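**Student:** Here it is: the structure, laid out below.
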Amino acid sequence: MSLKKIFEEHPERRYIMFGGKGGLGKTTFSAATAYWLAQQGKKVLVFSVDPQASLSDIFQKDIFGKGPVKIMENLWAQEIDADQHIKAYQNEIRKKILDMYGFDKVPDEIEQYIQAASAEPAMEESAIFDAVVDIVIGGEYDYYIYDLVPLGHALYYLSMAKVYDEWINKITKLREEMREYEEMVSRLKREKETEEDQILTELQYIRTRINASSSILTDKEKTGFFFVIIPEEMILIDTAKAAELFAKFDVPIMGYVVNRVVPRELLQQNIPAYLKNRIEMQDKYLEQIKTTFGQQVASHVPELERDVTGLDMIRQLAEIMYGN
Amino acid sequence: MTQEEPKNPEKKSFWQNMKEIIYGMASHDMSRYALRTRASMEHLFILITMGDMIGIPILPPYYSLRLLPYVVPQISTWKRRLLREKDVSDAMF
């Protein structure tokens, strides 16, 4: 089934992801898909969850940390600046402490903790995860295109929702038990009402956010995940492994896009042995792709004569991917 | 009859008082116990969420920060309790 047909037959799939090993063309395909959808009159946001995002490079416009930036009619792009997000988050916490207790400054040990927490290795990913929750909860675009991080990392990103969910469930349970004791005491003391547990309220808030995000990622009706592959052995082996793991996280896989296929027309010309050998090698793996993924292969994209940067090249690629 | 009338309410209030004292003794103990358990749980809770503060790496810290403002007043008691030396008498009281 062609990419165009997939999108036409499933207009309800608003959350589109391109995943694959590093450097295979995830960003390129995200940009081209976003471009095509925008041309079809849909309001599209393409955003990157990669700390080393390259949407700025492909659109040739500095969009890092600037929120959604309009690229053309109907098309917005966003690169999340994790550091900026963390700083804003820290300030929000500081302000809350100052407001709640009327302090002039945050106590030293608390300040140290705030600073140390942001040096944690997982902090950057968590901040991006949280920023993505904000983006997708907004719901103002027709399509959300995730320009994902390379495979291993993407799995980590997906599993993060599960880890958070379990963590939140455990501590919410503990908090609820504490609440029972509190209520017992106030019954014994014959106090009318216990104060609202703000921590419990906060935990429930965090939980709804995480659930909102993870339910989108695994929603079989609204989400579609495409694997980007190239006809080479290592990539195929890795992708097969990753596909299994992704399936474990209930990520709905919509298809595979094969990139960097050397144009077969070249065979009619007098080409060097080097190129002939590459074509032969690709033929072998293309056959393998056909038998392994069959109908799931949505598109073959040829190796282009130059790299894809700038709207003009993106348009050309979109025409190849979606036909015109 | 006229003499007995004021006696009865006095008697009642005496028993009432006794009841309240007994109830108070029992429930005070219970509520004290409940409060102690709750305090222990509070410390456990802070340990689970803010363990990083005393060098126990606990994941994930991102959302822990959201909870931080609410536990600020308890932090010093919590640290004191966790870092206190323990002896046999702890088991008795």
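Residue names in the structure tokens use chain letters A, B, ... in the order shown, residue numbers from 1 in each chain, and ligand numbers from 1 in the order shown.
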For chain A versus chain B, which residues have an atom no more than 7 Å away, and what is each residue's nearest atom pair and distance in Å rounded to one decimal, using only C-alpha atoms, chain-then-number order, as CSV?

**Tutor:**
```
residue,atom,partner,partner_atom,distance
A:Ile93,CA,B:Arg66,CA,6.7
A:Lys96,CA,B:Pro69,CA,6.5
A:Ile97,CA,B:Pro69,CA,5.0
A:Tyr113,CA,B:Met53,CA,6.0
A:Ala117,CA,B:Pro61,CA,6.1
A:Met123,CA,B:Tyr62,CA,6.1
A:Ser126,CA,B:Tyr62,CA,6.3
A:Met178,CA,B:Arg38,CA,5.6
A:Tyr181,CA,B:Ala34,CA,5.8
A:Val185,CA,B:Ser31,CA,5.0
A:Leu188,CA,B:Ser27,CA,6.1
A:Ile199,CA,B:Leu67,CA,6.3
```

**Student:** Would you mind exporting the chosen residues as a PDB file, in the first residue's frame, restricted to N, CA and C atoms?

**Tutor:**
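The resulting result-v7.pdb:
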```
ATOM      1  N   ILE A  93       9.414  25.900  40.236  1.00  0.00           N
ATOM      2  CA  ILE A  93       9.480  25.235  41.549  1.00  0.00           C
ATOM      3  C   ILE A  93       9.943  26.228  42.615  1.00  0.00           C
ATOM      4  N   LYS A  96       7.282  28.666  43.514  1.00  0.00           N
ATOM      5  CA  LYS A  96       6.239  28.020  44.313  1.00  0.00           C
ATOM      6  C   LYS A  96       6.670  27.936  45.776  1.00  0.00           C
ATOM      7  N   ILE A  97       7.936  27.560  45.997  1.00  0.00           N
ATOM      8  CA  ILE A  97       8.438  27.454  47.373  1.00  0.00           C
ATOM      9  C   ILE A  97       8.403  28.822  48.052  1.00  0.00           C
ATOM     10  N   TYR A 113      19.473  20.755  46.060  1.00  0.00           N
ATOM     11  CA  TYR A 113      18.745  19.608  45.495  1.00  0.00           C
ATOM     12  C   TYR A 113      18.193  19.943  44.113  1.00  0.00           C
ATOM     13  N   ALA A 117      19.355  17.845  40.935  1.00  0.00           N
ATOM     14  CA  ALA A 117      18.371  17.037  40.201  1.00  0.00           C
ATOM     15  C   ALA A 117      18.461  17.295  38.709  1.00  0.00           C
ATOM     16  N   MET A 123      17.443  13.703  33.059  1.00  0.00           N
ATOM     17  CA  MET A 123      16.670  14.940  33.163  1.00  0.00           C
ATOM     18  C   MET A 123      16.296  15.520  31.796  1.00  0.00           C
ATOM     19  N   SER A 126      13.578  13.523  30.222  1.00  0.00           N
ATOM     20  CA  SER A 126      12.334  13.740  30.956  1.00  0.00           C
ATOM     21  C   SER A 126      11.730  15.093  30.614  1.00  0.00           C
ATOM     22  N   MET A 178      -1.479   6.943  53.521  1.00  0.00           N
ATOM     23  CA  MET A 178      -1.209   8.003  54.499  1.00  0.00           C
ATOM     24  C   MET A 178      -2.475   8.798  54.750  1.00  0.00           C
ATOM     25  N   TYR A 181      -4.748   7.158  57.266  1.00  0.00           N
ATOM     26  CA  TYR A 181      -4.342   7.394  58.657  1.00  0.00           C
ATOM     27  C   TYR A 181      -4.751   8.781  59.111  1.00  0.00           C
ATOM     28  N   VAL A 185      -7.226   9.766  62.253  1.00  0.00           N
ATOM     29  CA  VAL A 185      -6.883  10.680  63.350  1.00  0.00           C
ATOM     30  C   VAL A 185      -7.955  11.759  63.480  1.00  0.00           C
ATOM     31  N   LEU A 188     -10.951  10.352  65.132  1.00  0.00           N
ATOM     32  CA  LEU A 188     -10.745  10.146  66.565  1.00  0.00           C
ATOM     33  C   LEU A 188     -10.778  11.471  67.307  1.00  0.00           C
ATOM     34  N   ILE A 199      -0.166  17.020  47.897  1.00  0.00           N
ATOM     35  CA  ILE A 199       0.746  16.118  47.188  1.00  0.00           C
ATOM     36  C   ILE A 199      -0.052  15.108  46.366  1.00  0.00           C
TER      37      ILE A 199
END
```

**Student:** Residues at most 12 Å from Lys95 of chain A, counting only C-alpha atoms, excluding those fewer than 2 positions away in the same chain, as an mmCIF file with C-alpha atoms, in the first residue's frame?

**Tutor:**
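Output saved as selection.cif:
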```cif
data_model
loop_
_atom_site.group_PDB
_atom_site.id
_atom_site.type_symbol
_atom_site.label_atom_id
_atom_site.label_comp_id
_atom_site.auth_asym_id
_atom_site.auth_seq_id
_atom_site.Cartn_x
_atom_site.Cartn_y
_atom_site.Cartn_z
ATOM 1 C CA ALA A 88 11.835 27.345 33.363
ATOM 2 C CA TYR A 89 10.697 24.320 35.337
ATOM 3 C CA GLN A 90 13.265 24.954 38.095
ATOM 4 C CA ASN A 91 12.189 28.584 38.355
ATOM 5 C CA GLU A 92 8.580 27.526 38.608
ATOM 6 C CA ILE A 93 9.480 25.235 41.549
ATOM 7 C CA ILE A 97 8.438 27.454 47.373
ATOM 8 C CA LEU A 98 8.906 31.186 47.911
ATOM 9 C CA ASP A 99 5.186 31.844 47.508
ATOM 10 C CA MET A 100 4.096 28.994 49.728
ATOM 11 C CA TYR A 101 6.300 29.815 52.691
ATOM 12 C CA GLY A 102 6.991 33.491 52.211
ATOM 13 C CA PHE A 103 10.762 32.969 52.085
ATOM 14 C CA ASP A 104 13.060 35.647 50.682
ATOM 15 C CA LYS A 105 15.257 32.990 49.152
ATOM 16 C CA VAL A 106 15.111 29.257 48.672
ATOM 17 C CA GLU A 111 18.430 24.914 46.237
ATOM 18 C CA ARG B 66 7.010 19.041 41.388
ATOM 19 C CA LEU B 68 9.391 19.360 46.432
ATOM 20 C CA PRO B 69 7.573 22.551 47.478
#
```

**Student:** Can you pull out the residues contacting Val251 of chain A? Cut-off 8 Å, using only C-alpha atoms, and skip same-chain residues under 5 positions away; I want them as JSON, numbers by chain.

**Tutor:** {"A": [217, 218, 219, 220, 225, 246]}

**Student:** What does the structure give for the distance between atom CA of Met281 of chain A and atom CA of Arg264 of chain A, in Å to one decimal?

**Tutor:**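 Separation of atom CA of Met281 of chain A and atom CA of Arg264 of chain A: 12.3 Å.
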
**Student:** Using DSSP on the backbone coordinates, identify the residues of segment 12-62 of chain B assigned to alpha helix (DSSP H); present them as a PyMOL selection string.

**Tutor:** chain B and resi 12-50+61-62

**Student:** Using C-alpha atoms, can you write the selected residues to a file as a compact mmCIF listing (two decimals), in the first residue's frame?

**Tutor:**
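Result written to part.txt:
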```
# COMPACT_ATOMS: atom_id res chain seq x y z
CA LYS B 12 -24.89 11.98 84.66
CA SER B 13 -22.26 14.53 84.00
CA PHE B 14 -19.87 12.58 86.21
CA TRP B 15 -20.40 9.44 84.13
CA GLN B 16 -20.27 11.48 81.01
CA ASN B 17 -16.95 12.79 82.13
CA MET B 18 -15.72 9.31 82.95
CA LYS B 19 -16.81 8.10 79.56
CA GLU B 20 -15.00 10.93 77.88
CA ILE B 21 -11.90 10.30 79.93
CA ILE B 22 -11.86 6.61 79.09
CA TYR B 23 -12.68 7.31 75.46
CA GLY B 24 -10.08 10.02 75.40
CA MET B 25 -7.45 7.73 76.92
CA ALA B 26 -8.13 5.02 74.41
CA SER B 27 -8.52 7.21 71.38
CA HIS B 28 -5.64 9.45 72.28
CA ASP B 29 -3.39 6.45 72.22
CA MET B 30 -4.84 5.31 68.94
CA SER B 31 -4.57 8.68 67.31
CA ARG B 32 -1.04 9.03 68.63
CA TYR B 33 -0.20 5.68 67.09
CA ALA B 34 -1.90 6.64 63.85
CA LEU B 35 -0.01 9.91 63.75
CA ARG B 36 3.28 8.11 64.35
CA THR B 37 2.57 5.67 61.55
CA ARG B 38 1.62 8.51 59.32
CA ALA B 39 4.84 10.34 60.16
CA SER B 40 6.87 7.22 59.35
CA MET B 41 5.07 6.92 56.07
CA GLU B 42 5.70 10.57 55.37
CA HIS B 43 9.41 9.96 55.85
CA LEU B 44 9.26 6.90 53.65
CA PHE B 45 7.48 8.97 51.05
CA ILE B 46 10.13 11.66 51.10
CA LEU B 47 12.80 8.97 50.89
CA ILE B 48 11.14 7.48 47.81
CA THR B 49 10.74 10.80 46.07
CA MET B 50 13.70 12.84 47.31
CA PRO B 61 13.75 13.08 39.67
CA TYR B 62 11.95 15.16 37.08
```

**Student:** Residues of segment 57-264 of chain A in strand (DSSP E) according to DSSP, as number ranges by chain?

**Tutor:** A: 69-72, 75-79, 143-147, 223-229, 253-261

**Student:** For the selection you just gave me, I'd like the residues written to a file as a PDB file, in the first residue's frame, keeping N, CA and C atoms.

**Tutor:**
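That gives us selection19.pdb:
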```
ATOM      1  N   VAL A  69       7.356  27.264  15.052  1.00  0.00           N
ATOM      2  CA  VAL A  69       7.709  28.330  14.105  1.00  0.00           C
ATOM      3  C   VAL A  69       7.036  28.031  12.769  1.00  0.00           C
ATOM      4  N   LYS A  70       6.398  29.039  12.192  1.00  0.00           N
ATOM      5  CA  LYS A  70       5.700  28.817  10.923  1.00  0.00           C
ATOM      6  C   LYS A  70       6.710  28.727   9.785  1.00  0.00           C
ATOM      7  N   ILE A  71       6.644  27.637   9.043  1.00  0.00           N
ATOM      8  CA  ILE A  71       7.578  27.421   7.935  1.00  0.00           C
ATOM      9  C   ILE A  71       6.946  27.870   6.629  1.00  0.00           C
ATOM     10  N   MET A  72       5.684  27.472   6.447  1.00  0.00           N
ATOM     11  CA  MET A  72       4.907  27.903   5.282  1.00  0.00           C
ATOM     12  C   MET A  72       3.435  27.764   5.656  1.00  0.00           C
ATOM     13  N   LEU A  75       2.062  24.834   7.867  1.00  0.00           N
ATOM     14  CA  LEU A  75       3.153  24.003   8.392  1.00  0.00           C
ATOM     15  C   LEU A  75       3.962  24.733   9.477  1.00  0.00           C
ATOM     16  N   TRP A  76       4.019  24.098  10.641  1.00  0.00           N
ATOM     17  CA  TRP A  76       4.816  24.626  11.741  1.00  0.00           C
ATOM     18  C   TRP A  76       5.864  23.591  12.140  1.00  0.00           C
ATOM     19  N   ALA A  77       6.994  24.066  12.606  1.00  0.00           N
ATOM     20  CA  ALA A  77       8.027  23.139  13.067  1.00  0.00           C
ATOM     21  C   ALA A  77       8.521  23.594  14.434  1.00  0.00           C
ATOM     22  N   GLN A  78       8.909  22.632  15.239  1.00  0.00           N
ATOM     23  CA  GLN A  78       9.356  22.969  16.593  1.00  0.00           C
ATOM     24  C   GLN A  78      10.493  22.063  17.034  1.00  0.00           C
ATOM     25  N   GLU A  79      11.495  22.694  17.614  1.00  0.00           N
ATOM     26  CA  GLU A  79      12.581  21.931  18.237  1.00  0.00           C
ATOM     27  C   GLU A  79      12.600  22.302  19.704  1.00  0.00           C
ATOM     28  N   TYR A 143      -2.389  17.350  12.360  1.00  0.00           N
ATOM     29  CA  TYR A 143      -1.384  16.287  12.383  1.00  0.00           C
ATOM     30  C   TYR A 143      -0.194  16.678  13.251  1.00  0.00           C
ATOM     31  N   TYR A 144       0.284  15.694  14.002  1.00  0.00           N
ATOM     32  CA  TYR A 144       1.507  15.880  14.785  1.00  0.00           C
ATOM     33  C   TYR A 144       2.531  14.893  14.252  1.00  0.00           C
ATOM     34  N   ILE A 145       3.626  15.403  13.747  1.00  0.00           N
ATOM     35  CA  ILE A 145       4.648  14.503  13.220  1.00  0.00           C
ATOM     36  C   ILE A 145       5.838  14.509  14.175  1.00  0.00           C
ATOM     37  N   TYR A 146       6.109  13.346  14.755  1.00  0.00           N
ATOM     38  CA  TYR A 146       7.237  13.210  15.680  1.00  0.00           C
ATOM     39  C   TYR A 146       8.476  12.856  14.876  1.00  0.00           C
ATOM     40  N   ASP A 147       9.461  13.716  14.964  1.00  0.00           N
ATOM     41  CA  ASP A 147      10.748  13.338  14.396  1.00  0.00           C
ATOM     42  C   ASP A 147      11.493  12.665  15.543  1.00  0.00           C
ATOM     43  N   THR A 223      -2.608   6.731  16.082  1.00  0.00           N
ATOM     44  CA  THR A 223      -1.169   6.839  15.915  1.00  0.00           C
ATOM     45  C   THR A 223      -0.652   5.890  14.842  1.00  0.00           C
ATOM     46  N   GLY A 224       0.321   6.359  14.113  1.00  0.00           N
ATOM     47  CA  GLY A 224       0.946   5.503  13.127  1.00  0.00           C
ATOM     48  C   GLY A 224       2.453   5.628  13.197  1.00  0.00           C
ATOM     49  N   PHE A 225       3.127   4.493  13.218  1.00  0.00           N
ATOM     50  CA  PHE A 225       4.575   4.502  13.323  1.00  0.00           C
ATOM     51  C   PHE A 225       5.176   3.905  12.051  1.00  0.00           C
ATOM     52  N   PHE A 226       6.111   4.641  11.449  1.00  0.00           N
ATOM     53  CA  PHE A 226       6.797   4.132  10.261  1.00  0.00           C
ATOM     54  C   PHE A 226       8.258   3.862  10.580  1.00  0.00           C
ATOM     55  N   PHE A 227       8.722   2.717  10.139  1.00  0.00           N
ATOM     56  CA  PHE A 227      10.151   2.431  10.266  1.00  0.00           C
ATOM     57  C   PHE A 227      10.857   2.871   8.995  1.00  0.00           C
ATOM     58  N   VAL A 228      11.966   3.566   9.160  1.00  0.00           N
ATOM     59  CA  VAL A 228      12.781   3.923   8.006  1.00  0.00           C
ATOM     60  C   VAL A 228      13.914   2.904   7.915  1.00  0.00           C
ATOM     61  N   ILE A 229      14.031   2.279   6.750  1.00  0.00           N
ATOM     62  CA  ILE A 229      15.108   1.294   6.597  1.00  0.00           C
ATOM     63  C   ILE A 229      15.865   1.556   5.295  1.00  0.00           C
ATOM     64  N   ILE A 253       2.534  -0.190  14.377  1.00  0.00           N
ATOM     65  CA  ILE A 253       3.430  -0.009  13.236  1.00  0.00           C
ATOM     66  C   ILE A 253       2.612   0.027  11.941  1.00  0.00           C
ATOM     67  N   MET A 254       2.732   1.127  11.207  1.00  0.00           N
ATOM     68  CA  MET A 254       1.924   1.311   9.998  1.00  0.00           C
ATOM     69  C   MET A 254       2.636   0.863   8.743  1.00  0.00           C
ATOM     70  N   GLY A 255       3.949   0.877   8.765  1.00  0.00           N
ATOM     71  CA  GLY A 255       4.641   0.461   7.555  1.00  0.00           C
ATOM     72  C   GLY A 255       6.130   0.746   7.584  1.00  0.00           C
ATOM     73  N   TYR A 256       6.768   0.356   6.506  1.00  0.00           N
ATOM     74  CA  TYR A 256       8.210   0.548   6.378  1.00  0.00           C
ATOM     75  C   TYR A 256       8.488   1.386   5.143  1.00  0.00           C
ATOM     76  N   VAL A 257       9.400   2.341   5.282  1.00  0.00           N
ATOM     77  CA  VAL A 257       9.791   3.139   4.127  1.00  0.00           C
ATOM     78  C   VAL A 257      11.253   2.814   3.834  1.00  0.00           C
ATOM     79  N   VAL A 258      11.505   2.363   2.612  1.00  0.00           N
ATOM     80  CA  VAL A 258      12.874   1.993   2.247  1.00  0.00           C
ATOM     81  C   VAL A 258      13.552   3.207   1.618  1.00  0.00           C
ATOM     82  N   ASN A 259      14.655   3.599   2.174  1.00  0.00           N
ATOM     83  CA  ASN A 259      15.357   4.790   1.700  1.00  0.00           C
ATOM     84  C   ASN A 259      16.647   4.402   0.964  1.00  0.00           C
ATOM     85  N   ARG A 260      17.182   5.347   0.224  1.00  0.00           N
ATOM     86  CA  ARG A 260      18.501   5.206  -0.433  1.00  0.00           C
ATOM     87  C   ARG A 260      18.601   4.049  -1.403  1.00  0.00           C
ATOM     88  N   VAL A 261      17.537   3.836  -2.172  1.00  0.00           N
ATOM     89  CA  VAL A 261      17.602   2.792  -3.180  1.00  0.00           C
ATOM     90  C   VAL A 261      18.267   3.403  -4.415  1.00  0.00           C
TER      91      VAL A 261
END
```
